[in-house]
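Pasting structure38.txt here (compact mmCIF, C-alpha atoms and all ligand atoms):
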# COMPACT_ATOMS: atom_id res chain seq x y z
CA MET A 1 -39.39 13.98 -89.57
CA ASN A 2 -35.74 13.55 -90.58
CA LEU A 3 -34.43 17.07 -90.06
CA ARG A 4 -30.90 16.26 -91.19
CA GLN A 5 -32.16 15.51 -94.71
CA LEU A 6 -33.58 19.00 -95.28
CA PRO A 7 -31.43 21.06 -97.67
CA THR A 8 -29.73 23.98 -95.90
CA THR A 9 -30.23 27.42 -97.41
CA LYS A 10 -28.38 29.45 -94.76
CA VAL A 11 -26.37 28.68 -91.64
CA LEU A 12 -27.42 31.05 -88.82
CA SER A 13 -25.20 29.75 -85.99
CA GLU A 14 -23.50 26.55 -84.85
CA HIS A 15 -26.81 24.79 -84.13
CA ILE A 16 -29.37 26.80 -86.12
CA SER A 17 -29.85 26.85 -89.87
CA LEU A 18 -32.46 27.84 -92.39
CA CYS A 19 -33.74 25.00 -94.60
CA ARG A 20 -36.33 24.38 -97.28
CA LEU A 21 -39.17 21.87 -97.00
CA ASP A 22 -41.33 21.81 -100.15
CA GLY A 23 -42.83 25.32 -100.28
CA ILE A 24 -41.84 26.54 -96.83
CA ASP A 25 -38.75 27.95 -95.10
CA VAL A 26 -37.90 26.10 -91.93
CA ILE A 27 -35.59 26.99 -89.07
CA ARG A 28 -33.81 23.81 -88.06
CA ILE A 29 -32.22 23.34 -84.65
CA LEU A 30 -29.73 20.51 -84.22
CA HIS A 31 -28.46 21.10 -80.69
CA PRO A 32 -26.90 18.68 -78.17
CA GLN A 33 -30.02 19.19 -75.97
CA CYS A 34 -32.71 18.77 -78.66
CA GLN A 35 -33.68 18.76 -82.32
CA ALA A 36 -36.49 20.98 -83.56
CA ALA A 37 -37.95 22.63 -86.65
CA ILE A 38 -40.05 25.78 -86.93
CA SER A 39 -41.76 26.89 -90.12
CA LEU A 40 -41.88 30.61 -90.91
CA PHE A 41 -45.18 29.85 -92.64
CA GLY A 42 -47.56 29.92 -89.69
CA GLY A 43 -44.81 30.41 -87.07
CA HIS A 44 -45.51 26.72 -86.75
CA LEU A 45 -43.35 24.39 -84.66
CA LEU A 46 -43.11 21.25 -86.81
CA SER A 47 -40.95 19.03 -84.67
CA PHE A 48 -39.36 18.79 -81.22
CA ARG A 49 -37.31 15.94 -79.84
CA PRO A 50 -35.24 16.24 -76.68
CA THR A 51 -32.02 14.22 -76.95
CA GLY A 52 -32.55 10.61 -75.87
CA HIS A 53 -36.34 10.74 -76.38
CA LYS A 54 -38.79 9.97 -79.14
CA ASP A 55 -40.53 12.88 -80.88
CA VAL A 56 -42.68 14.80 -78.42
CA ILE A 57 -44.66 16.51 -81.15
CA TRP A 58 -46.70 14.66 -83.77
CA MET A 59 -46.66 15.52 -87.45
CA SER A 60 -49.04 13.98 -89.98
CA GLU A 61 -47.43 11.73 -92.59
CA ALA A 62 -49.74 13.40 -95.12
CA ALA A 63 -49.14 17.01 -93.99
CA ASP A 64 -49.17 19.68 -96.69
CA PHE A 65 -45.96 21.75 -96.67
CA SER A 66 -46.81 23.72 -99.82
CA GLY A 67 -47.37 26.89 -97.80
CA HIS A 68 -50.92 27.19 -99.15
CA SER A 69 -52.88 25.63 -96.31
CA ALA A 70 -52.54 25.02 -92.58
CA ILE A 71 -50.13 22.26 -91.58
CA ARG A 72 -51.61 19.16 -89.89
CA GLY A 73 -49.54 18.42 -86.79
CA GLY A 74 -46.90 20.31 -84.81
CA ILE A 75 -48.12 23.39 -82.94
CA PRO A 76 -50.45 25.44 -85.16
CA VAL A 77 -50.90 28.99 -83.88
CA CYS A 78 -54.64 29.66 -83.85
CA TRP A 79 -55.08 33.41 -83.66
CA PRO A 80 -56.80 35.93 -83.46
CA TRP A 81 -59.67 33.55 -82.96
CA PHE A 82 -60.23 29.95 -82.04
CA GLY A 83 -62.38 27.65 -84.17
CA LYS A 84 -64.89 28.52 -86.84
CA VAL A 85 -66.30 31.73 -85.31
CA ALA A 86 -64.93 33.57 -88.38
CA SER A 87 -63.08 32.73 -91.58
CA PRO A 88 -60.49 31.35 -91.94
CA SER A 89 -61.08 28.69 -89.32
CA HIS A 90 -58.72 29.15 -86.33
CA GLY A 91 -57.64 32.59 -87.60
CA PHE A 92 -55.02 33.71 -90.09
CA ALA A 93 -51.82 33.43 -88.00
CA ARG A 94 -51.26 29.77 -88.91
CA THR A 95 -51.27 30.56 -92.63
CA SER A 96 -49.34 33.86 -92.43
CA LEU A 97 -45.63 34.37 -93.02
CA TRP A 98 -43.82 35.18 -89.78
CA GLU A 99 -40.42 36.86 -89.58
CA LEU A 100 -37.42 35.74 -87.58
CA GLU A 101 -36.69 38.62 -85.20
CA SER A 102 -33.87 37.16 -83.11
CA PHE A 103 -32.18 33.96 -82.03
CA ASN A 104 -29.78 32.91 -79.34
CA ASP A 105 -27.70 29.75 -79.55
CA GLN A 106 -26.32 28.74 -76.15
CA GLN A 107 -24.89 25.70 -74.41
CA GLN A 108 -28.16 24.94 -72.57
CA GLY A 109 -30.40 25.37 -75.63
CA VAL A 110 -31.75 27.75 -78.21
CA THR A 111 -34.23 30.62 -78.04
CA LEU A 112 -35.93 32.16 -81.07
CA THR A 113 -38.46 34.92 -81.56
CA LEU A 114 -40.74 35.30 -84.58
CA THR A 115 -43.03 38.26 -85.26
CA LEU A 116 -46.21 38.92 -87.18
CA HIS A 117 -47.77 42.36 -87.50
CA ASP A 118 -50.82 43.75 -89.20
CA SER A 119 -50.67 44.49 -92.92
CA PRO A 120 -53.12 45.27 -95.73
CA LYS A 121 -53.52 41.48 -96.04
CA THR A 122 -54.55 41.03 -92.39
CA HIS A 123 -56.72 44.18 -92.47
CA ALA A 124 -58.76 42.58 -95.26
CA ILE A 125 -59.63 39.78 -92.81
CA TRP A 126 -59.50 41.54 -89.42
CA PRO A 127 -59.42 45.36 -89.30
CA PHE A 128 -57.11 45.86 -86.30
CA ARG A 129 -53.51 46.81 -85.61
CA PHE A 130 -51.38 44.30 -83.73
CA LEU A 131 -47.95 42.90 -83.10
CA SER A 132 -47.66 39.21 -82.26
CA ARG A 133 -44.50 37.56 -81.04
CA LEU A 134 -43.82 33.87 -80.79
CA HIS A 135 -41.06 33.02 -78.41
CA PHE A 136 -39.57 29.50 -78.52
CA ASP A 137 -37.31 28.19 -75.79
CA LEU A 138 -35.88 24.87 -76.88
CA SER A 139 -33.76 22.74 -74.58
CA GLU A 140 -34.68 19.42 -72.94
CA THR A 141 -38.06 21.13 -72.39
CA LEU A 142 -40.12 22.97 -75.00
CA LYS A 143 -41.61 26.35 -74.13
CA VAL A 144 -43.72 28.33 -76.57
CA GLN A 145 -45.22 31.72 -75.81
CA LEU A 146 -47.59 33.66 -78.05
CA SER A 147 -47.65 37.34 -77.08
CA SER A 148 -50.19 39.61 -78.71
CA THR A 149 -50.14 43.39 -78.39
CA ASN A 150 -52.75 45.90 -79.44
CA THR A 151 -50.71 48.52 -81.37
CA GLY A 152 -53.81 50.40 -82.53
CA HIS A 153 -56.05 53.10 -81.07
CA HIS A 154 -59.14 50.96 -80.45
CA PRO A 155 -59.72 47.94 -78.20
CA TRP A 156 -60.09 44.56 -79.83
CA THR A 157 -60.99 41.05 -78.71
CA MET A 158 -59.00 37.90 -79.40
CA SER A 159 -59.22 34.21 -78.71
CA GLY A 160 -56.86 31.50 -79.95
CA ALA A 161 -54.73 28.53 -79.05
CA LEU A 162 -51.39 26.87 -79.18
CA HIS A 163 -52.97 23.82 -80.81
CA THR A 164 -50.34 21.26 -79.78
CA TYR A 165 -50.36 17.81 -81.41
CA LEU A 166 -48.58 15.44 -79.01
CA ASN A 167 -46.94 12.27 -80.27
CA VAL A 168 -48.26 9.24 -78.35
CA GLY A 169 -47.54 5.55 -78.91
CA ASP A 170 -51.14 4.31 -78.92
CA ILE A 171 -54.09 6.60 -78.26
CA THR A 172 -56.13 3.72 -76.80
CA GLN A 173 -53.58 3.31 -73.98
CA THR A 174 -53.08 7.01 -73.34
CA LYS A 175 -54.40 8.56 -70.13
CA LEU A 176 -54.78 12.24 -69.32
CA THR A 177 -55.06 13.74 -65.84
CA GLY A 178 -55.43 17.30 -64.55
CA LEU A 179 -58.39 18.20 -66.76
CA GLY A 180 -60.58 19.66 -64.00
CA ASN A 181 -64.18 19.01 -63.10
CA GLU A 182 -66.16 19.97 -66.20
CA TYR A 183 -66.01 20.19 -69.97
CA THR A 184 -68.01 21.36 -72.94
CA ASP A 185 -68.38 18.71 -75.62
CA SER A 186 -68.07 20.09 -79.17
CA LEU A 187 -69.30 16.71 -80.47
CA ALA A 188 -72.51 16.92 -78.38
CA GLY A 189 -73.82 20.36 -79.30
CA ASN A 190 -71.52 22.12 -76.81
CA GLN A 191 -73.30 20.58 -73.84
CA ARG A 192 -71.57 20.77 -70.46
CA PHE A 193 -70.61 17.62 -68.59
CA PRO A 194 -68.98 16.93 -65.23
CA SER A 195 -65.51 15.40 -65.31
CA ASN A 196 -63.38 13.56 -62.76
CA GLY A 197 -60.29 15.25 -64.23
CA SER A 198 -58.95 12.24 -66.10
CA LEU A 199 -59.64 10.80 -69.52
CA LEU A 200 -59.03 7.57 -71.41
CA ILE A 201 -59.78 8.06 -75.08
CA GLU A 202 -61.89 5.39 -76.74
CA ASP A 203 -63.59 7.37 -79.50
CA ALA A 204 -63.54 10.78 -81.17
CA VAL A 205 -63.07 13.53 -78.61
CA ASP A 206 -63.32 17.31 -79.00
CA ARG A 207 -63.69 18.91 -75.58
CA VAL A 208 -63.09 22.27 -73.98
CA TYR A 209 -62.03 21.85 -70.35
CA SER A 210 -62.64 25.21 -68.71
CA GLU A 211 -61.40 24.26 -65.22
CA ALA A 212 -58.24 22.40 -66.24
CA GLU A 213 -55.28 22.48 -63.92
CA GLN A 214 -52.22 24.39 -64.99
CA THR A 215 -50.35 21.12 -65.52
CA ILE A 216 -51.93 18.28 -67.49
CA THR A 217 -50.20 14.92 -67.60
CA VAL A 218 -50.33 12.49 -70.49
CA GLU A 219 -49.34 8.94 -69.57
CA ASP A 220 -48.01 7.12 -72.62
CA PRO A 221 -47.27 3.52 -71.53
CA TYR A 222 -46.50 2.50 -75.14
CA HIS A 223 -43.49 4.85 -75.13
CA TYR A 224 -42.79 4.22 -71.40
CA ARG A 225 -43.09 7.93 -70.76
CA ARG A 226 -45.14 10.73 -69.31
CA LEU A 227 -45.57 14.09 -71.00
CA THR A 228 -46.43 17.10 -68.86
CA VAL A 229 -48.13 20.07 -70.46
CA LYS A 230 -48.05 23.25 -68.39
CA ASN A 231 -50.29 25.99 -69.76
CA CYS A 232 -50.53 29.65 -68.84
CA GLY A 233 -52.55 32.67 -70.01
CA ASN A 234 -55.29 30.35 -71.27
CA ASN A 235 -58.86 29.95 -70.03
CA SER A 236 -59.24 26.34 -71.13
CA ALA A 237 -57.49 23.22 -72.33
CA VAL A 238 -58.88 21.70 -75.51
CA VAL A 239 -58.49 17.95 -76.04
CA TRP A 240 -58.99 16.64 -79.57
CA ASN A 241 -58.63 13.36 -81.41
CA PRO A 242 -60.71 12.88 -84.59
CA TRP A 243 -60.65 9.04 -84.43
CA GLN A 244 -60.67 6.71 -87.43
CA PRO A 245 -63.55 7.79 -89.69
CA ALA A 246 -62.72 11.51 -89.52
CA SER A 247 -59.00 10.81 -89.79
CA ALA A 248 -59.64 8.82 -92.98
CA GLY A 249 -61.74 11.68 -94.34
CA MET A 250 -58.99 14.29 -94.02
CA ALA A 251 -56.75 14.85 -97.04
CA ASP A 252 -53.79 15.72 -94.83
CA MET A 253 -54.08 12.77 -92.45
CA THR A 254 -53.54 9.05 -93.06
CA PRO A 255 -56.46 6.76 -92.04
CA ASP A 256 -54.56 5.48 -88.99
CA GLY A 257 -52.94 8.84 -88.18
CA TYR A 258 -55.27 9.28 -85.20
CA ILE A 259 -53.62 6.36 -83.33
CA THR A 260 -50.43 8.28 -82.54
CA MET A 261 -51.72 11.81 -82.00
CA LEU A 262 -53.43 13.72 -79.23
CA CYS A 263 -54.11 17.44 -79.20
CA VAL A 264 -53.79 19.10 -75.79
CA GLU A 265 -54.18 22.80 -76.44
CA SER A 266 -53.47 25.89 -74.40
CA ALA A 267 -56.54 27.83 -75.50
CA LEU A 268 -58.44 31.05 -75.00
CA THR A 269 -61.96 30.05 -76.00
CA ASN A 270 -65.46 31.59 -75.85
CA GLN A 271 -65.33 35.36 -75.26
CA GLY A 272 -61.53 35.35 -75.27
CA ILE A 273 -59.95 38.54 -73.97
CA THR A 274 -60.22 42.22 -74.88
CA LEU A 275 -57.02 44.25 -75.16
CA ALA A 276 -57.00 48.03 -74.81
CA PRO A 277 -54.53 50.01 -76.95
CA GLY A 278 -50.98 49.21 -75.78
CA GLN A 279 -52.08 46.12 -73.81
CA SER A 280 -50.55 42.67 -74.33
CA HIS A 281 -51.57 39.11 -73.54
CA HIS A 282 -49.44 35.97 -73.37
CA ILE A 283 -50.52 32.38 -73.98
CA THR A 284 -47.91 29.81 -73.06
CA THR A 285 -47.37 26.08 -73.21
CA GLU A 286 -44.46 24.17 -71.74
CA ILE A 287 -43.97 20.50 -72.58
CA HIS A 288 -41.65 18.09 -70.87
CA ALA A 289 -41.06 14.37 -71.40
CA GLU A 290 -40.01 12.11 -68.54
O1 LIG B 301 -59.12 22.24 -81.38
C1 LIG B 301 -60.02 21.30 -81.80
C2 LIG B 301 -60.53 21.69 -83.16
O2 LIG B 301 -61.11 22.95 -83.14
C3 LIG B 301 -61.50 20.60 -83.65
O3 LIG B 301 -62.83 20.99 -83.60
C4 LIG B 301 -60.98 20.18 -84.98
O4 LIG B 301 -61.70 20.63 -86.03
C5 LIG B 301 -59.54 20.65 -84.93
O5 LIG B 301 -59.46 21.75 -84.09
C6 LIG B 301 -58.76 20.84 -86.22
O6 LIG B 301 -59.13 21.98 -86.90
P1 LIG B 301 -58.50 22.25 -88.33
O7 LIG B 301 -59.07 23.56 -88.76
O8 LIG B 301 -57.01 22.30 -88.15
O9 LIG B 301 -58.90 21.11 -89.19
For the structure just supplied, provide its representation as structure tokens.
Ligand code: TA6
Amino acid sequence: MNLRQLPTTKVLSEHISLCRLDGIDVIRILHPQCQAAISLFGGHLLSFRPTGHKDVIWMSEAADFSGHSAIRGGIPVCWPWFGKVASPSHGFARTSLWELESFNDQQQGVTLTLTLHDSPKTHAIWPFRFLSRLHFDLSETLKVQLSSTNTGHHPWTMSGALHTYLNVGDITQTKLTGLGNEYTDSLAGNQRFPSNGSLLIEDAVDRVYSEAEQTITVEDPYHYRRLTVKNCGNNSAVVWNPWQPASAGMADMTPDGYITMLCVESALTNQGITLAPGQSHHITTEIHAE
């Protein structure tokens, strides 16, 4: 994604500006430490590249930036549920308009906070009161935190994920470690399987690792680099690659798009977590390239 080409609509500080990309407003960060883009539609991180590195985050060449449907790539915010347990799939946060609450432009990097709160629109889908905050810390490392607070008078239950699409050179050479000793396979009727903690991907994969270590490593020999993904506040790490036939069948993915992407998600799956009135929960992911 060539961030410099996006037309600027407002300069917010020396390194942060507001831009337009098709139908969406995008916060662009061009900082000596990194370049990044965050869409207000979905609170969706579209791009992150630490200076001197290739893109860390993958974005589909056929992604839809109209602001009408979820964006394929980046870090979709799946909330207040994960998957197809209700409609829309992966919740409404990724297709809602978030607001920029604050930003801080400093020598070591940039921090930004976006908010989403309940409204008549969200009540029509999910009848609860909430305040969600997305905090981005962008320097040579990327940190994203999704904080959800119950602002109502009744408990409610949430699941969700920071559904990160990592940019890899060649999926067939990519190796993951730190996945823990078991997984549930969404492509095999949610059966449980033992795992030795590592994974080489040779076909479609859609797995929920419920015992994953806090730090997962992704060896990317094609790019001569290792990505580390440190997750917190999650109960599982989801690993997804649709592979060729499914990739070709998606309108917002090119047929060979699967070769350079790998989802490693900081997820709260299954029962999720119940928040009492006033309670908050934080899901975090921290990604570093070395
Ligand atoms: O996180 C994995 C997953 O739930 C897969 O099952 C796959 O469908 C993927 O997310 C993408 O979902 P989406 O709704 O964005 O097409």
Which residues sit within 9 Å of ligand LIG 301 (chain B), counting all atoms listed in the file, listed as a count of residues only?
-> 31
Against range 138-156 of chain A, which residues of range 18-130 of chain A fall within 7 Å? For each one I want the closest pair of atoms and the distance in Å (one decimal), counting all atoms listed in the file, rows by chain and increasing residue number, as JSON lines.
{"residue": "A:Gln33", "atom": "CA", "partner": "A:Ser139", "partner_atom": "CA", "distance": 5.3}
{"residue": "A:Cys34", "atom": "CA", "partner": "A:Ser139", "partner_atom": "CA", "distance": 5.8}
{"residue": "A:Pro50", "atom": "CA", "partner": "A:Glu140", "partner_atom": "CA", "distance": 4.9}
{"residue": "A:Gln108", "atom": "CA", "partner": "A:Ser139", "partner_atom": "CA", "distance": 6.3}
{"residue": "A:Gly109", "atom": "CA", "partner": "A:Ser139", "partner_atom": "CA", "distance": 4.4}
{"residue": "A:Val110", "atom": "CA", "partner": "A:Leu138", "partner_atom": "CA", "distance": 5.2}
{"residue": "A:Thr111", "atom": "CA", "partner": "A:Leu138", "partner_atom": "CA", "distance": 6.1}
{"residue": "A:Phe128", "atom": "CA", "partner": "A:Gly152", "partner_atom": "CA", "distance": 6.8}
{"residue": "A:Arg129", "atom": "CA", "partner": "A:Gly152", "partner_atom": "CA", "distance": 4.7}
{"residue": "A:Phe130", "atom": "CA", "partner": "A:Asn150", "partner_atom": "CA", "distance": 4.8}
May I have the selected residues written with C-alpha atoms, as a compact mmCIF listing (two decimals), in the coordinates of the input?
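Saved as selection-v6.txt:
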# COMPACT_ATOMS: atom_id res chain seq x y z
CA GLN A 33 -30.02 19.19 -75.97
CA CYS A 34 -32.71 18.77 -78.66
CA PRO A 50 -35.24 16.24 -76.68
CA GLN A 108 -28.16 24.94 -72.57
CA GLY A 109 -30.40 25.37 -75.63
CA VAL A 110 -31.75 27.75 -78.21
CA THR A 111 -34.23 30.62 -78.04
CA PHE A 128 -57.11 45.86 -86.30
CA ARG A 129 -53.51 46.81 -85.61
CA PHE A 130 -51.38 44.30 -83.73
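Distances here use all atoms listed in the file; by that measure, the residue among A:Asp137, A:Asp22, A:Glu290, A:Glu99 closest to Asp220 in chain A is A:Glu290.
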Could you list, as an mmCIF file with C-alpha atoms, keeping the file's coordinate frame, every residue within 12 Å of range 191-202 of chain A, counting all atoms listed in the file and ignoring same-chain residues fewer than 5 positions away?
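Listed below is the output, around14.cif:
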data_model
loop_
_atom_site.group_PDB
_atom_site.id
_atom_site.type_symbol
_atom_site.label_atom_id
_atom_site.label_comp_id
_atom_site.auth_asym_id
_atom_site.auth_seq_id
_atom_site.Cartn_x
_atom_site.Cartn_y
_atom_site.Cartn_z
ATOM 1 C CA ASP A 170 -51.140 4.310 -78.920
ATOM 2 C CA ILE A 171 -54.090 6.600 -78.260
ATOM 3 C CA THR A 172 -56.130 3.720 -76.800
ATOM 4 C CA GLN A 173 -53.580 3.310 -73.980
ATOM 5 C CA THR A 174 -53.080 7.010 -73.340
ATOM 6 C CA LYS A 175 -54.400 8.560 -70.130
ATOM 7 C CA LEU A 176 -54.780 12.240 -69.320
ATOM 8 C CA THR A 177 -55.060 13.740 -65.840
ATOM 9 C CA GLY A 178 -55.430 17.300 -64.550
ATOM 10 C CA LEU A 179 -58.390 18.200 -66.760
ATOM 11 C CA GLY A 180 -60.580 19.660 -64.000
ATOM 12 C CA ASN A 181 -64.180 19.010 -63.100
ATOM 13 C CA GLU A 182 -66.160 19.970 -66.200
ATOM 14 C CA TYR A 183 -66.010 20.190 -69.970
ATOM 15 C CA THR A 184 -68.010 21.360 -72.940
ATOM 16 C CA ASP A 185 -68.380 18.710 -75.620
ATOM 17 C CA SER A 186 -68.070 20.090 -79.170
ATOM 18 C CA ARG A 207 -63.690 18.910 -75.580
ATOM 19 C CA VAL A 208 -63.090 22.270 -73.980
ATOM 20 C CA TYR A 209 -62.030 21.850 -70.350
ATOM 21 C CA SER A 210 -62.640 25.210 -68.710
ATOM 22 C CA GLU A 211 -61.400 24.260 -65.220
ATOM 23 C CA ALA A 212 -58.240 22.400 -66.240
ATOM 24 C CA GLU A 213 -55.280 22.480 -63.920
ATOM 25 C CA THR A 215 -50.350 21.120 -65.520
ATOM 26 C CA ILE A 216 -51.930 18.280 -67.490
ATOM 27 C CA THR A 217 -50.200 14.920 -67.600
ATOM 28 C CA VAL A 218 -50.330 12.490 -70.490
ATOM 29 C CA GLU A 219 -49.340 8.940 -69.570
ATOM 30 C CA ASP A 220 -48.010 7.120 -72.620
ATOM 31 C CA ALA A 237 -57.490 23.220 -72.330
ATOM 32 C CA VAL A 239 -58.490 17.950 -76.040
ATOM 33 C CA TRP A 240 -58.990 16.640 -79.570
ATOM 34 C CA ASN A 241 -58.630 13.360 -81.410
ATOM 35 C CA PRO A 242 -60.710 12.880 -84.590
ATOM 36 C CA TRP A 243 -60.650 9.040 -84.430
ATOM 37 C CA GLN A 244 -60.670 6.710 -87.430
ATOM 38 C CA TYR A 258 -55.270 9.280 -85.200
ATOM 39 C CA ILE A 259 -53.620 6.360 -83.330
ATOM 40 C CA THR A 260 -50.430 8.280 -82.540
ATOM 41 C CA MET A 261 -51.720 11.810 -82.000
ATOM 42 C CA LEU A 262 -53.430 13.720 -79.230
ATOM 43 C CA CYS A 263 -54.110 17.440 -79.200
ATOM 44 C CA VAL A 264 -53.790 19.100 -75.790
#
Residue nearest Pro255 in chain A - candidates A:Ile273, A:Leu162, A:Ala62, A:Leu12, atoms counted: all atoms listed in the file | A:Ala62
What is the CA of Gln214 in chain A to CA of Val77 in chain A distance in Å?
->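 According to the coordinates, CA of Gln214 in chain A and CA of Val77 in chain A are separated by 19.5 Å.
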Name all residues at most 6 Å from Leu18 in chain A (count only C-alpha atoms; drop same-chain ones fewer than 5 positions away) and give them as a PyMOL selection string.
-> chain A and resi 8-10+26-27
Do you know which residues lie at most 9 Å from (-59.6, 39.2, -79.3), with coordinates as in the file and only C-alpha atoms counted, and could you write them as a list of chain:residue names?
-> A:Trp79, A:Pro80, A:Trp81, A:Pro155, A:Trp156, A:Thr157, A:Met158, A:Ser159, A:Gly160, A:Gln271, A:Gly272, A:Ile273, A:Thr274, A:Leu275
In Å, how far is it from CA of Lys54 in chain A to CA of Asp256 in chain A?
-> 19.1 Å
With distances taken over all atoms listed in the file, which of A:Val56, A:Ile75, A:Met253, A:Leu116 is nearest to Leu227 in chain A?
->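 Closest to Leu227 in chain A of all the choices is A:Val56.
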Tell me, in Å to one decimal, how far CA of Asn231 in chain A is from CA of Asn167 in chain A.
-> 17.6 Å
Could you tell me which of A:His15, A:His68, A:His135, A:Arg4 comes closest to Leu45 in chain A if we count all atoms listed in the file?
-> A:His135
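Considering only C-alpha atoms, the residue among A:Arg133, A:Arg226, A:His31, A:His44 positioned nearest to Glu101 in chain A is A:Arg133.
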May I have the residues within 7 Å of Asn234 in chain A as a PyMOL selection string, using only C-alpha atoms and disregarding those fewer than 6 positions away in the same chain?
-> chain A and resi 266-268+283
Between A:Ala93, A:Gly189, A:Leu166, A:Leu21, which is the closest to Arg49 in chain A once you count all atoms listed in the file?
-> A:Leu166
